[in-house]
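Enquirer: Can you keep this structure in mind? I'll have questions shortly.
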There are 2 protein chains.
Amino acid sequence: MSKKQLIMDRALELFANQGFEATSVQQITDHCGISKGAFYLSFKSKDELILEIINHFIQQITVDIDYAVNHSKPDEKLYHFFHTTFHAFCEHADFAKLLMKEHAHSFNEKLLEKLHDYDQRTDQILLSMLETVYGDKIDHIKYDLIFSIKGLINGYLNFLLFSQHQFDVDLVAKSLVEKTNLLARHVTIPFITNKYENMFQKNFHGKMDKHDLLQLIATAIDESDIIIEQESLILLKEQIIEPTFNKTILLGLIENIRNNPQHKWLAYNLKEYFN
Amino acid sequence: MSKKQLIMDRALELFANQGFEATSVQQITDHCGISKGAFYLSFKSKDELILEIINHFIQQITVDIDYAVNHSKPDEKLYHFFHTTFHAFCEHADFAKLLMKEHAHSFNEKLLEKLHDYDQRTDQILLSMLETVYGDKIDHIKYDLIFSIKGLINGYLNFLLFSQHQFDVDLVAKSLVEKTNLLARHVTIPFITNKYENMFQKNFHGKMDKHDLLQLIATAIDESDIIIEQESLILLKEQIIEPTFNKTILLGLIENIRNNPQHKWLAYNLKEYFN
DNA sequence: TATACTAATGACCAATCGGTCAATTTGTCA
DNA sequence: TGACAAATTGACCGATTGGTCATTAGTATA
């Protein structure tokens with residue numbers, strides 16, 4: 001494990017239990033068994049550390065949820081969404097705790113921006129899933145439904161994270177599917193009406209721009225030592241600069257790199273870019 | 001306004017926007033136009049300040065909600081519960097923000113204890129309300145329902161507090177009544193099953209003990225300058241030491257002091273004590 | 001006006017913070 | 001082994017924190 005990874009892992013443990021502000025760099029370095037100086041060889045600042053932590057896990061979880069939703073039949077999408085969400089947050093319980101603590105609290109502007117971006121991306125995933133599952137029957141309550149679902153998830157998540165009980169991911173997913181169905185089919189008095197529609201789009205550019213994407217690919221090529229990955233990446237890079245292949249070939253190339261967990265995030269963004 | 005009240009009001013504004021830890025005593029005193037020394041004449045420490053703030057509003061809100069629920073017909077209880085809850089939190093929006101920020105974050109033990117107590121008291125109010133409204137039909141899902149309701153409330157509250165939109169308390173209450181009814185009548189797969197029952201009682205002594213109550217009464221007698229209140233308080237004090245009156249008379253005496261907002265909290269606890 | 005008392009001040013304290021950097025250890029060559 | 005480079009250290013820095021206390025300002029009484 002690289003020193004950077006070590007610091008991120010150990011720091012996350014402390015952040016989850018004490019919060020970001022309340023954890024000193026000294027505590028982190030003690031907990032890692034390294035010196036303060038060594039910390040600043042891996043990270044420019046304490047802020048950069050938490051940004052990298054948040055980034056890493058948000059990418060991981062976003063990709064998993066997106067995959068689960070897009071690769072299941074319409075009548076199973078809800079279940080897989082909830083299942084993946086709870087599975088991911090419980091696998092990375094420390095991160096989930098950190099996320100909850102800092103969500104309401106943080107004053108690091110870049111961090112807030114990241115969290116807001118994540119929130120909007122979740123809204124988008126939920127919205128498109130609900131539209132696929134229920135069609136336009138829920139048009140007048142869809143934003144209300146999004147808030148209800150997020151509220152329910154949060155309630156259960158709080159319970160799971162801060163109690164010591166072990167629990168059944170399958171059950172929580174089934175329970176939430178039933179509740180979502182109930183609300184989607186029978187709610188007649190939405191509180192979040194469609195006049196708030198702009199809240200769900202404004203200032204959100206889910207797709208990365210060319211430049212960021214090319215940067216990511218360049219890094220990925222350097223880090224990869226599997227030839228088929230490297231070649232796929234080079235071809236994809238050319239396609240971004242000047243698209244000539246059809247969609248099927250592009251998807252195949254993306255699939256070539258998606259299998260490597262390190263490149264999941266890149267694959268996810270490439271897919272969004274070419275759509 | 002007393003100096004203590006001034007500090008509490010002004011500090012709350014800062015806490016709501018920056019969080020407790022991130023707000024320095026210097027900032028508070030600057031914002032009040034007083035010196036640092038003057039602050040420590042009113043409060044022993046920064047911790048004591050936030051404890052008094054939280055205490056004050058929790059008492060206020062608890063009493064209002066309890067009254068709304070217990071003084072309405074069964075078929076209107078839900079509506080009044082939600083209406084009062086949202087009305088209270090939006091009237092004291094700064095406090096609501098503080099509560100949300102510190103709920104996940106705080107490391108002051110006494111504060112955490114207070115917040116936990118408040119949480120359990122809310123659970124109790126919700127539980128007894130649901131039992132009254134739906135009877136034993138919801139026995140197998142009542143704990144699940146409590147978590148669902150708290151989740152929904154939190155979701156909407158977050159939306160209301162941190163967006164700039166004005167909103168309709170009546171609508172949010174009606175919307176939540178409908179959702180609660182839907183869930184109560186049709187949920188068949190609870191996630192929080194009755195095996196968690198002990199979570200909802202353990203370590204919770206809602207009722208104050210004799211000593212605390214007598215202390216509160218003594219303070220109230222000193223502060224009051226209305227004769228009927230003072231006399232009622234003196235009689236109630238005697239009844240705590242040695243009960244002789246019947247319940248109707250006791251309730252009447254309590255009602256005598258309940259009309260004064262300053263004594264709402266005392267009245268609420270006396271009612272609980274004599275039940 | 002002199003006295004006695006409280007209310008209020010802000011310079012000051014030790015502790016802790018994030019961050020730096022000269023000095024030292026460690027690793028890697030010929 | 002010796003010479004060089006890279007990695008690592010921890011004493012140190014200025015800034016800020018919650019909290020203290022000798023001093024001053026304000027006011028009512030005699």
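As shown in the structure tokens, the chain order sets the letters A, B, ...; within each chain, residues go from 1, and ligands are also counted from 1 in the order they appear.
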What residues in chain A have any atom no more than 8 Å from chain D when counting only C-alpha atoms (C1' of nucleotides), and can you write them as a ChimeraX atom specification?
Expert: /A:35-38
Enquirer: Go ahead and write the residues just picked, C-alpha atoms, as a PDB file, in the first residue's frame.
Expert:
```pdb
ATOM      1  CA  SER A  35       6.193  12.124  11.129  1.00  0.00           C
ATOM      2  CA  LYS A  36       4.396  15.346  10.437  1.00  0.00           C
ATOM      3  CA  GLY A  37       6.850  16.163   7.687  1.00  0.00           C
ATOM      4  CA  ALA A  38       6.111  12.901   5.919  1.00  0.00           C
TER       5      ALA A  38
END
```
Enquirer: Restrict the distance test to only C-alpha atoms, flag each residue of chain B within 9 Å of chain A, and return the flagged residues as a ChimeraX atom specification.
Expert: /B:18-19,21-22,97,100-107,147-156,159,168,171-176,178-179,182-183,186-192
Enquirer: Distance limit 8 Å, atoms considered: only C-alpha atoms (C1' of nucleotides). Which chain A residues sit that close to chain C? Return them as JSON, numbers by chain.
Expert: {"A": [24, 25, 46]}
Enquirer: Using only N, CA and C atoms, please write the residues we just selected to a file, as a compact mmCIF listing (two decimals), in the first residue's frame.
Expert:
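Listed below is the output, again_20.txt:
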```
# COMPACT_ATOMS: atom_id res chain seq x y z
N SER A 24 -6.57 16.54 14.32
CA SER A 24 -5.38 17.31 13.99
C SER A 24 -4.45 16.48 13.11
N VAL A 25 -3.61 17.18 12.35
CA VAL A 25 -2.62 16.49 11.53
C VAL A 25 -1.71 15.63 12.40
N LYS A 46 -4.08 19.70 4.77
CA LYS A 46 -5.11 18.85 5.38
C LYS A 46 -6.37 18.86 4.50
```
Enquirer: Report the distance between atom CA of A:Asp66 and atom CA of A:Glu91 in Å, rounded to one decimal place.
Expert: 17.0 Å
Enquirer: Which of stretch 18-194 of chain B end up as helix (DSSP H, G or I) when DSSP is run on this backbone - answer as a PyMOL selection string?
Expert: chain B and resi 18+25-32+36-42+46-70+74-91+93-103+109-162+169-186+194
Enquirer: List as a list in words the protein and nucleic acid residues near B:Ile257, meaning an atom at most 7 Å away when only C-alpha atoms (C1' of nucleotides) are counted, but skip any in the same chain fewer than 5 places from it.
Expert: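 Close residues of B:Ile257: Glu229, His263 and Ala267 of chain B.
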Enquirer: So that I can check the surroundings of A:Ile54, please list as number ranges by chain every protein, DNA and RNA residue that reaches within 9 Å of it, counting only C-alpha atoms (C1' of nucleotides) and ignoring chain neighbours fewer than 6 positions away.
Expert: A: 95, 98-99, 111, 114-115
